[in-house]
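work_9.cif follows (mmCIF, C-alpha atoms (C1' of nucleotides)):
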```cif
data_structure
#
loop_
_atom_site.label_atom_id
_atom_site.label_comp_id
_atom_site.auth_asym_id
_atom_site.auth_seq_id
_atom_site.Cartn_x
_atom_site.Cartn_y
_atom_site.Cartn_z
CA MET A 1 90.47 21.62 -26.12
CA SER A 2 90.91 21.23 -29.83
CA ALA A 3 90.32 24.42 -31.65
CA ALA A 4 88.21 25.91 -34.33
CA LEU A 5 85.21 24.66 -36.18
CA GLN A 6 84.47 21.05 -35.53
CA ASN A 7 81.51 20.38 -37.70
CA ASP A 8 81.11 20.55 -41.43
CA GLU A 9 79.30 23.81 -42.03
CA MET A 10 77.02 22.86 -39.17
CA SER A 11 73.29 22.53 -39.55
CA ASP A 12 72.88 25.70 -41.45
CA ASP A 13 75.13 27.61 -39.10
CA ILE A 14 73.15 27.69 -35.89
CA GLY A 15 75.70 30.00 -34.31
CA THR A 16 75.39 32.77 -36.84
CA ARG A 17 71.65 32.37 -36.88
CA LEU A 18 71.40 32.68 -33.12
CA LYS A 19 73.68 35.69 -33.08
CA LEU A 20 71.64 37.38 -35.79
CA VAL A 21 68.38 36.72 -34.00
CA ARG A 22 69.79 37.91 -30.70
CA GLN A 23 71.02 41.14 -32.25
CA ILE A 24 67.80 41.74 -34.11
CA PHE A 25 65.99 41.59 -30.79
CA GLY A 26 68.54 43.93 -29.26
CA LEU A 27 69.92 41.62 -26.59
CA THR A 28 73.47 41.10 -25.33
CA GLN A 29 74.82 37.62 -24.68
CA ARG A 30 74.60 38.25 -20.96
CA GLU A 31 71.09 39.67 -21.06
CA LEU A 32 69.82 36.77 -23.12
CA ALA A 33 71.65 34.34 -20.86
CA ARG A 34 70.02 35.89 -17.82
CA ARG A 35 66.55 35.66 -19.32
CA ALA A 36 67.08 32.13 -20.54
CA GLY A 37 68.70 30.80 -17.39
CA VAL A 38 71.95 29.73 -19.03
CA THR A 39 75.44 31.18 -18.82
CA ASN A 40 76.77 33.82 -21.16
CA GLY A 41 79.71 31.55 -21.91
CA ALA A 42 77.41 28.92 -23.35
CA ILE A 43 75.87 31.45 -25.72
CA SER A 44 79.30 32.66 -26.72
CA LEU A 45 80.44 29.15 -27.59
CA ILE A 46 77.28 28.39 -29.53
CA GLU A 47 77.50 31.60 -31.54
CA GLN A 48 81.06 30.74 -32.49
CA ASN A 49 79.93 27.27 -33.61
CA ARG A 50 82.42 25.79 -31.19
CA VAL A 51 79.66 23.53 -29.85
CA SER A 52 76.38 22.15 -31.12
CA PRO A 53 73.82 22.83 -28.42
CA SER A 54 71.30 20.30 -27.25
CA ILE A 55 67.71 20.89 -28.19
CA SER A 56 66.87 21.58 -24.57
CA SER A 57 69.59 24.21 -24.31
CA LEU A 58 68.62 25.89 -27.54
CA LYS A 59 65.00 25.80 -26.48
CA LYS A 60 65.83 27.47 -23.17
CA ILE A 61 67.79 30.17 -24.95
CA LEU A 62 65.08 30.85 -27.52
CA ASP A 63 62.50 31.02 -24.74
CA GLY A 64 64.43 34.01 -23.48
CA ILE A 65 63.83 35.98 -26.67
CA PRO A 66 61.12 34.55 -26.98
CA LEU A 67 61.06 32.61 -30.22
CA SER A 68 59.86 29.10 -30.97
CA LEU A 69 62.14 26.40 -32.30
CA ALA A 70 59.93 26.17 -35.38
CA ASP A 71 60.27 29.88 -36.06
CA PHE A 72 63.99 29.79 -35.36
CA PHE A 73 64.56 27.19 -38.04
CA THR A 74 61.90 28.47 -40.39
CA LEU A 75 62.28 32.21 -40.39
CA ASN A 76 64.17 33.87 -43.14
CA PHE A 77 66.17 36.58 -41.47
CA SER A 78 67.22 38.39 -44.58
CA PRO A 79 66.98 41.96 -43.44
CA SER A 80 68.51 44.81 -45.32
CA ASP A 81 67.54 43.89 -48.85
CA ASN A 82 63.86 43.39 -48.12
CA VAL A 83 63.25 45.82 -45.29
CA PHE A 84 63.62 49.22 -46.91
CA PHE A 85 62.56 50.43 -50.33
CA ALA A 86 63.56 53.71 -51.88
CA GLY A 87 60.67 55.79 -53.23
CA GLU A 88 61.46 54.96 -56.84
CA GLU A 89 61.47 51.24 -56.07
CA LEU A 90 57.73 51.14 -55.45
CA THR A 91 55.66 49.39 -58.10
CA GLU A 92 52.91 51.26 -59.90
CA ILE A 93 49.88 49.01 -60.30
CA SER A 94 47.15 51.44 -61.37
CA TYR A 95 45.88 51.62 -64.97
CA ASP A 96 44.02 54.87 -64.39
CA PRO A 97 46.39 57.78 -65.23
CA ALA A 98 44.41 59.98 -62.82
CA ILE A 99 45.27 57.65 -59.97
CA SER A 100 48.60 56.33 -58.82
CA MET A 101 48.74 53.08 -56.90
CA ARG A 102 52.28 52.23 -55.99
CA MET A 103 52.89 48.95 -54.21
CA VAL A 104 55.53 48.33 -51.57
CA GLY A 105 57.53 45.09 -51.60
CA ARG A 106 55.81 43.71 -54.65
CA LYS A 107 57.98 40.61 -54.44
CA VAL A 108 56.90 39.63 -50.96
CA LYS A 109 54.67 36.58 -51.11
CA ASP A 110 51.65 35.39 -49.15
CA ARG A 111 50.51 38.87 -48.32
CA THR A 112 47.27 39.64 -46.52
CA LEU A 113 47.64 43.24 -45.52
CA GLN A 114 45.49 46.07 -44.32
CA MET A 115 46.52 49.70 -44.93
CA LEU A 116 46.17 52.71 -42.63
CA GLN A 117 47.02 56.40 -42.78
CA GLU A 118 48.88 57.68 -39.72
CA THR A 119 49.95 61.17 -38.74
CA TYR A 120 52.85 61.84 -36.38
CA GLN A 121 53.01 65.31 -34.81
CA PRO A 122 56.51 66.83 -34.38
CA GLY A 123 58.43 64.95 -31.69
CA ALA A 124 55.93 62.12 -31.50
CA ASP A 125 57.51 58.82 -30.53
CA THR A 126 56.10 55.33 -30.04
CA GLY A 127 58.50 55.11 -27.15
CA ASP A 128 61.58 53.45 -25.84
CA ALA A 129 59.90 50.13 -25.14
CA MET A 130 60.02 48.69 -28.61
CA LEU A 131 56.77 47.53 -30.15
CA ARG A 132 56.20 43.86 -30.88
CA HIS A 133 53.13 42.04 -32.16
CA ASN A 134 52.18 39.32 -34.58
CA GLY A 135 52.03 39.62 -38.32
CA GLU A 136 53.72 41.92 -40.76
CA GLU A 137 53.83 45.66 -41.09
CA CYS A 138 54.32 48.01 -43.99
CA GLY A 139 54.20 51.75 -44.59
CA ILE A 140 54.96 54.75 -46.78
CA VAL A 141 55.80 58.25 -45.60
CA VAL A 142 53.55 60.78 -47.33
CA SER A 143 54.79 64.03 -45.85
CA GLY A 144 57.20 65.07 -43.16
CA CYS A 145 59.88 62.66 -42.04
CA LEU A 146 60.12 59.70 -39.70
CA ILE A 147 62.88 57.76 -37.97
CA VAL A 148 62.04 54.05 -38.07
CA THR A 149 63.94 51.51 -35.99
CA VAL A 150 63.56 47.82 -36.83
CA GLY A 151 65.70 45.44 -34.81
CA VAL A 152 69.26 46.66 -35.21
CA GLN A 153 68.43 48.75 -38.25
CA GLU A 154 67.42 52.38 -38.14
CA ARG A 155 66.69 54.82 -40.93
CA LEU A 156 65.33 58.28 -41.53
CA LEU A 157 62.51 58.01 -44.03
CA ASN A 158 61.48 60.94 -46.18
CA PRO A 159 58.33 61.28 -48.26
CA GLY A 160 58.13 58.44 -50.79
CA ASP A 161 60.32 56.10 -48.75
CA ALA A 162 58.82 52.96 -47.25
CA TYR A 163 59.36 49.94 -45.00
CA TYR A 164 58.24 46.32 -44.73
CA PHE A 165 59.09 44.01 -41.80
CA ARG A 166 57.82 41.28 -39.49
CA SER A 167 55.99 42.88 -36.58
CA ASP A 168 57.55 40.60 -33.99
CA ILE A 169 60.88 42.27 -34.58
CA PRO A 170 61.01 45.14 -32.06
CA HIS A 171 60.28 48.43 -33.78
CA ARG A 172 59.82 52.10 -33.02
CA PHE A 173 58.66 55.23 -34.86
CA ARG A 174 59.75 58.80 -34.13
CA ASN A 175 59.09 62.10 -35.87
CA PRO A 176 62.26 64.21 -35.44
CA GLY A 177 60.99 67.04 -37.62
CA THR A 178 59.08 70.28 -37.08
CA GLU A 179 56.02 69.47 -39.17
CA PRO A 180 53.51 66.60 -38.94
CA CYS A 181 54.44 63.34 -40.64
CA VAL A 182 51.82 61.50 -42.64
CA LEU A 183 52.38 57.81 -43.09
CA ILE A 184 50.39 55.24 -45.02
CA SER A 185 50.84 52.00 -43.14
CA ALA A 186 49.49 48.52 -43.40
CA ASN A 187 49.46 45.54 -41.11
CA SER A 188 48.64 41.89 -41.23
CA PRO A 189 46.66 40.04 -40.16
CA PRO A 190 44.02 42.71 -40.75
CA SER A 191 43.15 43.13 -37.07
CA PHE A 192 45.56 45.29 -35.11
CA MET B 1 50.75 0.13 -33.06
CA SER B 2 50.62 2.77 -30.40
CA ALA B 3 50.22 5.19 -33.23
CA ALA B 4 50.19 8.53 -33.11
CA LEU B 5 48.15 11.23 -32.32
CA GLN B 6 49.11 13.63 -29.82
CA ASN B 7 48.88 16.92 -31.38
CA ASP B 8 49.56 19.64 -28.95
CA GLU B 9 52.09 18.47 -26.42
CA MET B 10 54.53 17.78 -29.16
CA SER B 11 56.52 20.97 -29.39
CA ASP B 12 58.54 20.02 -26.37
CA ASP B 13 58.32 16.32 -26.85
CA ILE B 14 61.10 15.80 -29.35
CA GLY B 15 61.22 12.09 -28.61
CA THR B 16 57.61 11.43 -29.49
CA ARG B 17 57.86 13.65 -32.51
CA LEU B 18 60.91 11.81 -33.81
CA LYS B 19 59.31 8.44 -33.19
CA LEU B 20 56.17 9.50 -35.00
CA VAL B 21 58.10 10.81 -37.96
CA ARG B 22 60.24 7.70 -38.10
CA GLN B 23 57.20 5.45 -38.08
CA ILE B 24 55.37 7.52 -40.65
CA PHE B 25 58.30 7.00 -42.98
CA GLY B 26 58.34 3.30 -42.20
CA LEU B 27 61.80 3.05 -40.65
CA THR B 28 63.04 1.05 -37.66
CA GLN B 29 65.41 2.58 -35.13
CA ARG B 30 68.24 0.50 -36.52
CA GLU B 31 67.50 1.29 -40.14
CA LEU B 32 67.31 5.00 -39.45
CA ALA B 33 70.47 4.79 -37.35
CA ARG B 34 72.29 3.09 -40.20
CA ARG B 35 71.20 5.72 -42.73
CA ALA B 36 72.02 8.58 -40.39
CA GLY B 37 75.35 7.26 -39.19
CA VAL B 38 74.44 7.18 -35.51
CA THR B 39 73.78 4.26 -33.18
CA ASN B 40 70.35 2.76 -32.64
CA GLY B 41 70.84 3.28 -28.92
CA ALA B 42 71.03 7.01 -29.39
CA ILE B 43 67.74 7.04 -31.25
CA SER B 44 66.16 4.88 -28.58
CA LEU B 45 67.27 7.26 -25.82
CA ILE B 46 66.07 10.30 -27.74
CA GLU B 47 62.68 8.77 -28.47
CA GLN B 48 62.24 8.04 -24.78
CA ASN B 49 63.16 11.63 -23.94
CA ARG B 50 65.93 10.30 -21.76
CA VAL B 51 68.31 12.74 -23.45
CA SER B 52 67.93 15.97 -25.38
CA PRO B 53 69.94 15.53 -28.56
CA SER B 54 72.39 18.09 -29.82
CA ILE B 55 71.42 19.98 -32.93
CA SER B 56 74.14 18.25 -34.89
CA SER B 57 72.91 14.82 -33.83
CA LEU B 58 69.30 15.59 -34.57
CA LYS B 59 70.34 17.02 -37.93
CA LYS B 60 72.25 13.84 -38.76
CA ILE B 61 69.28 11.70 -37.84
CA LEU B 62 66.81 13.78 -39.82
CA ASP B 63 69.13 13.68 -42.82
CA GLY B 64 68.58 9.93 -42.80
CA ILE B 65 64.86 10.31 -43.40
CA PRO B 66 65.40 12.87 -45.01
CA LEU B 67 63.66 15.81 -43.37
CA SER B 68 64.91 19.31 -42.64
CA LEU B 69 65.13 20.73 -39.15
CA ALA B 70 62.70 23.43 -40.16
CA ASP B 71 60.18 20.89 -41.38
CA PHE B 72 60.72 18.72 -38.33
CA PHE B 73 59.76 21.55 -36.01
CA THR B 74 57.20 23.11 -38.29
CA LEU B 75 55.20 20.21 -39.61
CA ASN B 76 51.89 19.45 -38.06
CA PHE B 77 51.72 15.69 -37.95
CA SER B 78 48.09 15.68 -37.08
CA PRO B 79 46.96 13.41 -39.85
CA SER B 80 44.47 10.94 -38.60
CA ASP B 81 41.62 13.34 -38.21
CA ASN B 82 42.46 15.22 -41.37
CA VAL B 83 43.62 12.45 -43.67
CA PHE B 84 40.42 10.58 -44.37
CA PHE B 85 36.95 11.93 -44.93
CA ALA B 86 33.79 9.86 -45.13
CA GLY B 87 31.66 10.57 -48.16
CA GLU B 88 29.11 12.52 -46.16
CA GLU B 89 31.81 14.73 -44.69
CA LEU B 90 32.49 16.48 -47.98
CA THR B 91 31.33 20.07 -48.19
CA GLU B 92 28.80 21.06 -50.81
CA ILE B 93 29.73 24.45 -52.23
CA SER B 94 27.47 24.73 -55.27
CA TYR B 95 24.40 26.99 -55.28
CA ASP B 96 23.04 25.45 -58.50
CA PRO B 97 20.73 22.56 -57.52
CA ALA B 98 21.47 20.94 -60.88
CA ILE B 99 25.16 20.69 -59.98
CA SER B 100 26.84 19.28 -56.94
CA MET B 101 30.30 20.53 -56.00
CA ARG B 102 31.53 18.81 -52.91
CA MET B 103 34.84 19.95 -51.49
CA VAL B 104 37.36 17.72 -49.71
CA GLY B 105 39.11 18.99 -46.58
CA ARG B 106 37.36 22.29 -46.57
CA LYS B 107 39.23 23.29 -43.42
CA VAL B 108 42.71 22.84 -44.86
CA LYS B 109 44.32 26.20 -45.43
CA ASP B 110 46.71 27.60 -48.04
CA ARG B 111 45.54 25.32 -50.76
CA THR B 112 46.77 25.52 -54.35
CA LEU B 113 45.62 22.28 -55.86
CA GLN B 114 45.22 20.74 -59.28
CA MET B 115 42.65 17.98 -59.87
CA LEU B 116 42.90 14.86 -62.02
CA GLN B 117 40.70 11.87 -62.81
CA GLU B 118 42.46 8.53 -62.51
CA THR B 119 41.29 5.04 -63.36
CA TYR B 120 42.79 1.96 -61.72
CA GLN B 121 42.17 -1.35 -63.47
CA PRO B 122 41.57 -4.39 -61.24
CA GLY B 123 44.75 -5.36 -59.43
CA ALA B 124 46.56 -2.17 -60.39
CA ASP B 125 49.11 -1.09 -57.82
CA THR B 126 51.49 1.84 -57.64
CA GLY B 127 53.97 -0.63 -56.21
CA ASP B 128 55.80 -1.67 -53.14
CA ALA B 129 58.29 1.19 -53.28
CA MET B 130 56.17 3.86 -51.68
CA LEU B 131 55.69 7.07 -53.61
CA ARG B 132 57.12 10.32 -52.29
CA HIS B 133 57.18 13.77 -53.83
CA ASN B 134 56.70 17.38 -52.87
CA GLY B 135 53.42 19.09 -52.22
CA GLU B 136 50.05 17.81 -51.15
CA GLU B 137 47.70 15.29 -52.61
CA CYS B 138 43.95 14.82 -52.50
CA GLY B 139 41.40 12.51 -54.08
CA ILE B 140 37.88 11.09 -54.21
CA VAL B 141 36.90 7.61 -55.33
CA VAL B 142 34.14 7.78 -57.92
CA SER B 143 33.56 4.13 -58.66
CA GLY B 144 35.12 0.84 -57.70
CA CYS B 145 37.29 0.64 -54.62
CA LEU B 146 40.88 1.48 -53.71
CA ILE B 147 43.27 0.62 -50.90
CA VAL B 148 45.27 3.72 -49.98
CA THR B 149 48.33 3.52 -47.74
CA VAL B 150 49.69 6.76 -46.25
CA GLY B 151 52.58 6.38 -43.83
CA VAL B 152 51.46 3.90 -41.21
CA GLN B 153 47.80 4.32 -42.09
CA GLU B 154 45.92 2.20 -44.59
CA ARG B 155 42.28 2.21 -45.59
CA LEU B 156 39.91 0.77 -48.15
CA LEU B 157 38.10 3.61 -49.82
CA ASN B 158 34.72 3.10 -51.45
CA PRO B 159 32.92 5.48 -53.80
CA GLY B 160 32.41 8.85 -52.09
CA ASP B 161 35.31 8.41 -49.68
CA ALA B 162 38.36 10.65 -49.97
CA TYR B 163 41.87 11.41 -48.73
CA TYR B 164 44.15 14.40 -48.20
CA PHE B 165 47.82 14.18 -47.18
CA ARG B 166 51.30 15.61 -47.67
CA SER B 167 52.92 13.95 -50.67
CA ASP B 168 56.26 13.51 -48.94
CA ILE B 169 54.71 10.94 -46.65
CA PRO B 170 55.23 7.60 -48.43
CA HIS B 171 52.02 6.44 -50.07
CA ARG B 172 50.62 3.71 -52.28
CA PHE B 173 47.42 2.98 -54.19
CA ARG B 174 46.00 -0.46 -55.02
CA ASN B 175 42.76 -1.61 -56.61
CA PRO B 176 41.85 -4.91 -54.91
CA GLY B 177 38.51 -5.22 -56.70
CA THR B 178 37.27 -6.81 -59.92
CA GLU B 179 36.10 -3.66 -61.67
CA PRO B 180 37.98 -0.48 -62.62
CA CYS B 181 38.31 2.20 -59.97
CA VAL B 182 37.75 5.81 -60.90
CA LEU B 183 39.40 8.38 -58.70
CA ILE B 184 39.28 12.15 -58.81
CA SER B 185 42.63 13.31 -57.48
CA ALA B 186 44.40 16.59 -57.03
CA ASN B 187 47.97 17.57 -56.31
CA SER B 188 49.92 20.62 -55.40
CA PRO B 189 51.91 22.40 -56.57
CA PRO B 190 50.09 22.11 -59.93
CA SER B 191 52.97 20.37 -61.72
CA PHE B 192 53.23 16.65 -61.06
"C1'" DT C 1 94.22 59.82 -17.12
"C1'" DA C 2 92.25 56.50 -13.82
"C1'" DG C 3 88.32 54.08 -12.32
"C1'" DC C 4 84.30 51.51 -13.21
"C1'" DA C 5 80.84 49.08 -15.78
"C1'" DT C 6 79.72 46.15 -19.61
"C1'" DT C 7 80.86 43.36 -23.42
"C1'" DG C 8 82.49 38.94 -25.46
"C1'" DT C 9 86.05 35.26 -24.86
"C1'" DT C 10 88.48 31.49 -22.48
"C1'" DG C 11 90.23 27.18 -19.17
"C1'" DA C 12 89.16 23.55 -16.02
"C1'" DA C 13 85.59 21.03 -13.74
"C1'" DA C 14 80.89 19.31 -13.66
"C1'" DA C 15 76.98 17.77 -16.27
"C1'" DT C 16 75.07 15.72 -20.22
"C1'" DC C 17 75.13 13.18 -24.48
"C1'" DC C 18 76.70 9.43 -27.69
"C1'" DT C 19 78.80 4.97 -28.66
"C1'" DA C 20 79.76 0.13 -28.21
"C1'" DA C 21 78.22 -3.96 -26.62
"C1'" DA C 22 75.26 -6.45 -24.29
"C1'" DC C 23 70.26 -7.90 -22.92
"C1'" DG C 24 65.27 -9.35 -23.39
"C1'" DT C 25 61.45 -9.99 -26.39
"C1'" DG C 26 58.84 -11.63 -30.28
"C1'" DC C 27 58.39 -13.94 -34.64
"C1'" DG C 28 59.01 -17.44 -38.34
"C1'" DG C 29 61.34 -21.67 -40.31
"C1'" DG C 30 63.41 -25.95 -39.97
"C1'" DC D 1 61.11 -27.13 -29.83
"C1'" DC D 2 65.14 -24.68 -30.94
"C1'" DC D 3 67.44 -21.62 -33.67
"C1'" DG D 4 68.30 -17.40 -36.08
"C1'" DC D 5 67.01 -12.87 -36.82
"C1'" DA D 6 65.24 -8.32 -36.12
"C1'" DC D 7 63.29 -5.25 -32.89
"C1'" DG D 8 63.75 -1.81 -28.97
"C1'" DT D 9 66.14 -1.25 -24.43
"C1'" DT D 10 69.85 -0.76 -21.16
"C1'" DT D 11 74.64 0.03 -19.15
"C1'" DA D 12 79.46 1.60 -18.79
"C1'" DG D 13 82.70 4.59 -20.50
"C1'" DG D 14 84.53 7.94 -23.74
"C1'" DA D 15 83.15 12.33 -26.06
"C1'" DT D 16 80.87 16.63 -26.07
"C1'" DT D 17 78.57 20.40 -23.93
"C1'" DT D 18 77.71 23.66 -19.95
"C1'" DT D 19 79.01 25.97 -15.91
"C1'" DC D 20 81.92 28.77 -13.07
"C1'" DA D 21 85.24 31.99 -12.73
"C1'" DA D 22 88.67 34.77 -14.53
"C1'" DC D 23 90.40 37.55 -18.51
"C1'" DA D 24 91.06 41.25 -22.11
"C1'" DA D 25 88.81 44.93 -24.71
"C1'" DT D 26 85.76 48.76 -25.06
"C1'" DG D 27 83.26 52.81 -23.57
"C1'" DC D 28 81.79 56.10 -20.24
"C1'" DT D 29 82.61 59.47 -16.48
"C1'" DA D 30 84.97 62.01 -13.16
#
```

Serialized structure, structure tokens:
Amino acid sequence: MSAALQNDEMSDDIGTRLKLVRQIFGLTQRELARRAGVTNGAISLIEQNRVSPSISSLKKILDGIPLSLADFFTLNFSPSDNVFFAGEELTEISYDPAISMRMVGRKVKDRTLQMLQETYQPGADTGDAMLRHNGEECGIVVSGCLIVTVGVQERLLNPGDAYYFRSDIPHRFRNPGTEPCVLISANSPPSF
Amino acid sequence: MSAALQNDEMSDDIGTRLKLVRQIFGLTQRELARRAGVTNGAISLIEQNRVSPSISSLKKILDGIPLSLADFFTLNFSPSDNVFFAGEELTEISYDPAISMRMVGRKVKDRTLQMLQETYQPGADTGDAMLRHNGEECGIVVSGCLIVTVGVQERLLNPGDAYYFRSDIPHRFRNPGTEPCVLISANSPPSF
DNA sequence: TAGCATTGTTGAAAATCCTAAACGTGCGGG
DNA sequence: CCCGCACGTTTAGGATTTTCAACAATGCTA
């Protein structure tokens, strides 16, 4: 079989995109293959851009995640830069010097969020089964500390640090400290 | 023409979706095949759902329209019901009895429109080469009459009638009458 | 260290898709 | 009426993708 890349830069690099999505959802090639009802070899070849899968194959694979074709082609999986914000990166939007209103992810568009205050007792953990639901999710740690896992990314957040991610990426919160953690969080759409 | 409105079942039905898109843009199988650099037979087979095209093939075909993969899977080609509105279907939103503000396509979401008033002299015609540009487009006929063509659909609009469609679907306006036609139109994004 | 499990990567065969070339239909002009 | 032309459809065969099975690399545990 002739080697290497066959297609001009492919249709936006389906292989890399699939691999990224698969990793974000924490699946191995074999696990995804099992769920999707295809072979692991097929996924390997696709991720290397050695083949251009048929729509039906790609559909089967995405069903194993699950993720729609529309979302697969539409979603902007640009993690690291837009997921975490250092405390000093938050935008102050209040004109009243007695009040501070600092906004997370000011640049994110089309927002319709609802904020909450959450408290995690020491050792509290949303659990091993990663959370997933529709919409977007955002939060700021007020006191204490919190380990947040989003897809393949994980970070210890201290007071002032924040996060912003799509809620259908598996996520998990843990308080590894010895004092309660207070977190201001928001979700969208407004219902939880 | 067997035209076009199955709305729901379409996610899986790539063939029907492609055929609908092709017809909306006024292309024959052969013409699209020529532009895309594939054979007309391939398009025929795909439209009949006798094969499930590879991503690279589908990408090549869509490039001939042109339409992105993301748009192809994302777009809701549900026009028909939402393209034309009879005069009495417009929504009155004014509370001042001295003023009437009647909204077109009240149900359409994510709107960011800009309105214009246009006047078409008798016989005026935007031309045979169908218009296409980004964004969405909306209008109401105030006086006179106007023949509006949107994709495969065409209709004579009288005063009070209106339209709403995506501007990248080829479209054309003609005034077939003997008096000027006044049209209140809007487009999005605000720049034209 | 050896053994075992799990990961991603290959080669050859089977399955599926795409092309080239034909076919049948419908339409309009001479 | 016949011809030419354009349309969508079909078929055989070459091209590409997918499966099946084996492989090397890594990590874990005894």

ask   = Between CA of Leu18 in chain A and CA of Ala36 in chain A, what is the spacing in Å?
value =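 CA of Leu18 in chain A lies at a distance of 13.3 Å from CA of Ala36 in chain A.
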
request  = Specify as a PyMOL selection string all residues of chain B found within 9 Å of chain A, counting only C-alpha atoms.
outcome  = chain B and resi 11-12+14+51-60+69-75

inquiry  = Using the chain letters and numbers from this file, what does the PyMOL selection byres ((chain D) within 10 of (chain A)) select? Give the answer as a list in words.
reply    = DT16, DT17, DT18, DT19 and DC20 of chain D

inquiry  = Give me, as a list in words, the residues of chain C touching chain A, with the criterion being at most 9 Å (counting only C-alpha atoms (C1' of nucleotides)).
reply    =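 Using only C-alpha atoms (C1' of nucleotides), chain C residues at most 9 Å from chain A: DT7, DG8, DT9, DT10, DG11 and DC17 of chain C.
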
Could you write out as AutoDock Vina command-line options the box around range 20-33 of chain A (axis-aligned, all atoms listed in the file, 6 Å on each side), with centre and edge lengths in Å to one decimal?
```
--center_x 70.4 --center_y 39.1 --center_z -28.3 --size_x 20.8 --size_y 21.6 --size_z 26.9
```

inquiry  = Could you tell me how far CA of Arg17 in chain A sits from CA of Pro66 in chain A, in Å to one decimal place?
reply    =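 Result for CA of Pro66 in chain A versus CA of Arg17 in chain A: 14.6 Å, one decimal.
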
message = Running the PyMOL selection byres ((chain C and resi 30) around 10) on this model by hand, what would come out? Give it as number ranges by chain.
response = C: 28-29; D: 2-3

message = If the PyMOL selection byres ((chain D and resi 6) around 10) were run on this exact file, what residues would it hold? Put them as an NGL selection string.
response = (:B and (28 or 30)) or (:C and (26-27)) or (:D and (4-5 or 7-8))

request  = Mind giving me the straight-line distance from CA of Thr178 in chain A to CA of Cys145 in chain A in Å, one decimal?
outcome  = 9.1 Å

task = Dump as a list in words all residues having an atom at most 7 Å from (48.1, 5.9, -49.4), computed in the file's coordinates with all atoms listed in the file.
result = Val148, Thr149, Val150, Glu154, His171, Arg172 and Phe173 of chain B

task = Could you give me, as a list in words, the residues within 7 Å of Arg174 in chain A, counting all atoms listed in the file and dropping anything in the same chain fewer than 5 positions from it?
result =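 Here the answer would be Gly123, Ala124, Asp125, Thr126, Leu146, Ile147 and Val148 of chain A.
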